[in-house]
$ cat structure.cif   # mmCIF, C-alpha atoms, pLDDT in the B column; chains and numbers go by the auth columns
data_start
loop_
_atom_site.group_PDB
_atom_site.id
_atom_site.type_symbol
_atom_site.label_atom_id
_atom_site.label_comp_id
_atom_site.label_asym_id
_atom_site.label_seq_id
_atom_site.Cartn_x
_atom_site.Cartn_y
_atom_site.Cartn_z
_atom_site.B_iso_or_equiv
_atom_site.auth_seq_id
_atom_site.auth_asym_id
ATOM 1 C CA MET A 1 -17.509 -26.405 77.372 48.00 1 A
ATOM 2 C CA PRO A 2 -13.814 -27.143 76.721 54.00 2 A
ATOM 3 C CA GLU A 3 -11.593 -27.375 79.722 56.00 3 A
ATOM 4 C CA SER A 4 -8.163 -25.880 80.198 54.00 4 A
ATOM 5 C CA ARG A 5 -5.129 -27.678 81.625 60.00 5 A
ATOM 6 C CA SER A 6 -6.057 -26.655 85.142 62.00 6 A
ATOM 7 C CA GLY A 7 -9.357 -28.524 84.816 63.00 7 A
ATOM 8 C CA ARG A 8 -11.543 -25.401 84.974 62.00 8 A
ATOM 9 C CA ALA A 9 -13.858 -24.496 82.147 60.00 9 A
ATOM 10 C CA LEU A 10 -12.764 -21.594 79.958 54.00 10 A
ATOM 11 C CA THR A 11 -14.853 -18.461 80.325 59.00 11 A
ATOM 12 C CA ALA A 12 -15.858 -16.245 77.459 55.00 12 A
ATOM 13 C CA GLN A 13 -14.047 -12.924 77.297 55.00 13 A
ATOM 14 C CA PRO A 14 -16.160 -9.783 76.775 53.00 14 A
ATOM 15 C CA ALA A 15 -15.922 -8.188 73.349 47.00 15 A
ATOM 16 C CA LYS A 16 -13.954 -4.968 73.084 48.00 16 A
ATOM 17 C CA ALA A 17 -16.150 -1.882 72.922 48.00 17 A
ATOM 18 C CA THR A 18 -13.898 0.049 70.566 52.00 18 A
ATOM 19 C CA GLU A 19 -12.927 -1.067 67.121 52.00 19 A
ATOM 20 C CA PRO A 20 -9.140 -1.016 66.621 54.00 20 A
ATOM 21 C CA THR A 21 -9.352 0.253 63.035 54.00 21 A
ATOM 22 C CA ALA A 22 -11.688 3.191 63.793 59.00 22 A
ATOM 23 C CA GLY A 23 -8.843 5.738 63.856 66.00 23 A
ATOM 24 C CA THR A 24 -7.313 4.524 60.626 79.00 24 A
ATOM 25 C CA ARG A 25 -10.690 4.618 58.876 82.00 25 A
ATOM 26 C CA ARG A 26 -11.195 8.232 59.960 83.00 26 A
ATOM 27 C CA GLN A 27 -7.764 9.154 58.650 84.00 27 A
ATOM 28 C CA ARG A 28 -8.295 7.311 55.357 88.00 28 A
ATOM 29 C CA LEU A 29 -11.563 9.173 54.830 89.00 29 A
ATOM 30 C CA ALA A 30 -9.878 12.501 55.575 88.00 30 A
ATOM 31 C CA HIS A 31 -7.062 11.715 53.104 89.00 31 A
ATOM 32 C CA ARG A 32 -9.513 10.798 50.357 91.00 32 A
ATOM 33 C CA LEU A 33 -11.555 13.922 50.973 91.00 33 A
ATOM 34 C CA ALA A 34 -8.370 16.010 50.935 89.00 34 A
ATOM 35 C CA ASP A 35 -7.708 14.692 47.423 90.00 35 A
ATOM 36 C CA MET A 36 -11.232 15.661 46.408 91.00 36 A
ATOM 37 C CA VAL A 37 -11.149 19.109 48.074 93.00 37 A
ATOM 38 C CA PRO A 38 -7.544 20.359 48.058 92.00 38 A
ATOM 39 C CA GLY A 39 -6.713 23.005 50.640 93.00 39 A
ATOM 40 C CA ALA A 40 -9.611 22.167 52.954 94.00 40 A
ATOM 41 C CA ALA A 41 -8.877 22.184 56.682 94.00 41 A
ATOM 42 C CA THR A 42 -12.475 21.681 57.846 95.00 42 A
ATOM 43 C CA ILE A 43 -15.578 20.344 56.164 95.00 43 A
ATOM 44 C CA ARG A 44 -18.988 21.200 57.619 95.00 44 A
ATOM 45 C CA VAL A 45 -21.716 18.659 56.869 95.00 45 A
ATOM 46 C CA SER A 46 -25.444 18.860 57.473 92.00 46 A
ATOM 47 C CA GLN A 47 -28.666 17.274 56.277 89.00 47 A
ATOM 48 C CA ARG A 48 -30.077 20.634 55.176 82.00 48 A
ATOM 49 C CA GLY A 49 -28.352 23.196 53.035 78.00 49 A
ATOM 50 C CA PRO A 50 -28.555 26.905 53.829 76.00 50 A
ATOM 51 C CA GLY A 51 -32.000 28.194 52.964 77.00 51 A
ATOM 52 C CA GLN A 52 -33.480 24.729 52.395 77.00 52 A
ATOM 53 C CA THR A 53 -36.385 23.288 54.328 78.00 53 A
ATOM 54 C CA TRP A 54 -36.147 19.754 52.934 80.00 54 A
ATOM 55 C CA PRO A 55 -33.391 17.291 53.826 83.00 55 A
ATOM 56 C CA SER A 56 -30.572 17.051 51.317 85.00 56 A
ATOM 57 C CA PRO A 57 -26.921 16.270 52.168 90.00 57 A
ATOM 58 C CA CYS A 58 -24.877 19.461 52.103 91.00 58 A
ATOM 59 C CA SER A 59 -21.214 20.202 52.775 94.00 59 A
ATOM 60 C CA ARG A 60 -19.083 23.330 52.862 94.00 60 A
ATOM 61 C CA ALA A 61 -15.300 23.350 52.956 96.00 61 A
ATOM 62 C CA TYR A 62 -13.116 25.897 54.740 95.00 62 A
ATOM 63 C CA ASP A 63 -9.359 26.491 54.552 94.00 63 A
ATOM 64 C CA GLU A 64 -7.086 26.942 57.588 93.00 64 A
ATOM 65 C CA HIS A 65 -8.003 30.654 57.786 93.00 65 A
ATOM 66 C CA GLY A 66 -11.735 29.942 57.808 91.00 66 A
ATOM 67 C CA ARG A 67 -12.338 31.086 54.236 95.00 67 A
ATOM 68 C CA LEU A 68 -14.959 29.233 52.232 95.00 68 A
ATOM 69 C CA ILE A 69 -13.683 26.943 49.475 95.00 69 A
ATOM 70 C CA THR A 70 -16.110 26.760 46.580 94.00 70 A
ATOM 71 C CA LEU A 71 -17.472 23.289 45.865 93.00 71 A
ATOM 72 C CA ASN A 72 -19.609 22.416 42.879 92.00 72 A
ATOM 73 C CA ARG A 73 -22.889 20.606 43.506 90.00 73 A
ATOM 74 C CA ALA A 74 -21.476 17.144 42.778 92.00 74 A
ATOM 75 C CA GLN A 75 -18.506 17.654 45.106 93.00 75 A
ATOM 76 C CA GLY A 76 -20.703 18.978 47.904 92.00 76 A
ATOM 77 C CA MET A 77 -23.181 16.108 47.692 92.00 77 A
ATOM 78 C CA THR A 78 -20.487 13.420 47.380 94.00 78 A
ATOM 79 C CA VAL A 79 -18.430 14.729 50.293 95.00 79 A
ATOM 80 C CA ALA A 80 -21.528 15.012 52.490 94.00 80 A
ATOM 81 C CA ARG A 81 -22.714 11.508 51.626 94.00 81 A
ATOM 82 C CA TRP A 82 -19.296 9.958 52.314 94.00 82 A
ATOM 83 C CA ILE A 83 -19.078 11.607 55.729 94.00 83 A
ATOM 84 C CA ILE A 84 -22.682 10.847 56.689 93.00 84 A
ATOM 85 C CA ARG A 85 -22.387 7.211 55.659 93.00 85 A
ATOM 86 C CA SER A 86 -19.086 6.730 57.450 92.00 86 A
ATOM 87 C CA HIS A 87 -20.622 8.005 60.726 91.00 87 A
ATOM 88 C CA PRO A 88 -23.984 6.206 61.015 89.00 88 A
ATOM 89 C CA ASP A 89 -24.113 6.627 64.801 90.00 89 A
ATOM 90 C CA VAL A 90 -24.196 10.448 64.637 90.00 90 A
ATOM 91 C CA SER A 91 -27.460 12.383 64.876 88.00 91 A
ATOM 92 C CA TRP A 92 -27.501 14.612 61.803 87.00 92 A
ATOM 93 C CA ASP A 93 -30.134 17.018 63.133 86.00 93 A
ATOM 94 C CA ALA A 94 -27.372 19.617 63.525 89.00 94 A
ATOM 95 C CA ALA A 95 -24.294 20.383 61.434 92.00 95 A
ATOM 96 C CA HIS A 96 -20.974 18.670 62.199 94.00 96 A
ATOM 97 C CA ASP A 97 -17.376 19.633 61.358 95.00 97 A
ATOM 98 C CA LEU A 98 -14.794 17.156 60.111 94.00 98 A
ATOM 99 C CA ASP A 99 -11.231 18.137 60.971 93.00 99 A
ATOM 100 C CA MET A 100 -9.177 17.135 57.944 92.00 100 A
ATOM 101 C CA ALA A 101 -5.919 16.865 59.908 90.00 101 A
ATOM 102 C CA THR A 102 -7.192 14.346 62.446 88.00 102 A
ATOM 103 C CA GLY A 103 -10.346 12.949 60.845 89.00 103 A
ATOM 104 C CA ILE A 104 -12.354 13.730 63.992 91.00 104 A
ATOM 105 C CA LEU A 105 -16.009 14.691 63.580 92.00 105 A
ATOM 106 C CA LYS A 106 -17.537 17.027 66.157 92.00 106 A
ATOM 107 C CA PRO A 107 -20.708 19.121 66.366 92.00 107 A
ATOM 108 C CA ALA A 108 -20.387 22.487 64.628 88.00 108 A
ATOM 109 C CA ALA A 109 -21.794 24.229 67.691 82.00 109 A
ATOM 110 C CA GLN A 110 -18.506 23.504 69.473 73.00 110 A
ATOM 111 C CA ALA A 111 -16.721 25.657 66.900 64.00 111 A
ATOM 112 C CA TYR A 112 -18.640 28.696 68.147 62.00 112 A
ATOM 113 C CA ALA A 113 -17.922 28.106 71.815 58.00 113 A
ATOM 114 C CA THR A 114 -15.548 30.696 73.239 49.00 114 A
ATOM 115 C CA VAL A 115 -12.629 29.831 75.438 49.00 115 A
ATOM 116 C CA ASP A 116 -13.318 32.359 78.193 52.00 116 A
ATOM 117 C CA GLY A 117 -17.107 32.050 78.108 55.00 117 A
ATOM 118 C CA GLY A 118 -17.588 35.677 77.034 53.00 118 A
ATOM 119 C CA ARG A 119 -19.117 37.087 73.903 51.00 119 A
#

$ encode --input "structure.cif" --output "structure tokens"
Amino acid sequence: MPESRSGRALTAQPAKATEPTAGTRRQRLAHRLADMVPGAATIRVSQRGPGQTWPSPCSRAYDEHGRLITLNRAQGMTVARWIIRSHPDVSWDAAHDLDMATGILKPAAQAYATVDGGR
């Protein structure tokens, strides 16, 4: 092991747990998806489309008022695949929402949670 000037052996430093480019990658993905789906504020992605029992990547886009933006089949599949492949650590058993402004992906169930805990 190489020694330093003080005569002690150098110790290995632990690797950083977070990747420094993770935030920029999220933002780049959101910018590219914004070009593909103009006007989208949120994109909901799941492994099963509505009314399907077999797995198939599905995405739905919503504007800032929560109105559905129509996607053709190719757009929906491509957007879903890009998001799923860019987040391999996520469990896709449930739907997730991608915030287009920040690039943050969170479970769609959090979107239904109320602030005051009431119905």

$ atom_distance --input "structure.cif" --atom1 "atom CA of A:Pro50" --atom2 "atom CA of A:Asp89"
23.5 Å

$ resolve_selection --input "structure.cif" --expression "the PyMOL selection byres ((chain A and resi 80) around 9)" --output "list of chain:residue names"
A:Ile43, A:Arg44, A:Val45, A:Ser46, A:Gln47, A:Pro57, A:Cys58, A:Ser59, A:Arg60, A:Gln75, A:Gly76, A:Met77, A:Thr78, A:Val79, A:Arg81, A:Trp82, A:Ile83, A:Ile84, A:Arg85

$ atom_distance --input "structure.cif" --atom1 "atom CA of A:Arg25" --atom2 "atom CA of A:Val90"
15.8 Å

$ atom_distance --input "structure.cif" --atom1 "atom CA of A:Gln110" --atom2 "atom CA of A:Arg73"
26.5 Å

$ axis_aligned_box --input "structure.cif" --around "stretch 20-39 of chain A" --padding-each-side "6 Å" --output "lines of an AutoDock Vina configuration file"
center_x = -9.2
center_y = 11.0
center_z = 56.5
size_x = 17.0
size_y = 36.0
size_z = 32.2

$ resolve_selection --input "structure.cif" --expression "the PyMOL selection byres ((chain A and resi 65) around 12)" --output "MDAnalysis selection string"
chainID A and resid 39:42 61:64 66:69

$ closest_residue --input "structure.cif" --among "A:His96, A:Thr53, A:Ser91, A:Asn72" --to "A:Met36" --atoms "only C-alpha atoms"
A:Asn72

$ residues_around --input "structure.cif" --residues "stretch 26-32 of chain A" --least-positions-apart "6" --cutoff "9 Å" --atoms "all atoms listed in the file" --output "PDB file with C-alpha atoms, in the frame of the given file"
ATOM      1  CA  TRP A  82     -19.296   9.958  52.314  1.00 94.00           C
ATOM      2  CA  ILE A  83     -19.078  11.607  55.729  1.00 94.00           C
ATOM      3  CA  SER A  86     -19.086   6.730  57.450  1.00 92.00           C
ATOM      4  CA  LEU A  98     -14.794  17.156  60.111  1.00 94.00           C
ATOM      5  CA  ASP A  99     -11.231  18.137  60.971  1.00 93.00           C
ATOM      6  CA  MET A 100      -9.177  17.135  57.944  1.00 92.00           C
ATOM      7  CA  ALA A 101      -5.919  16.865  59.908  1.00 90.00           C
ATOM      8  CA  THR A 102      -7.192  14.346  62.446  1.00 88.00           C
ATOM      9  CA  GLY A 103     -10.346  12.949  60.845  1.00 89.00           C
ATOM     10  CA  ILE A 104     -12.354  13.730  63.992  1.00 91.00           C
ATOM     11  CA  LEU A 105     -16.009  14.691  63.580  1.00 92.00           C
TER      12      LEU A 105
END

$ closest_residue --input "structure.cif" --among "A:Asp35, A:Ala94, A:Thr24, A:Pro88" --to "A:Arg48" --atoms "only C-alpha atoms"
A:Ala94
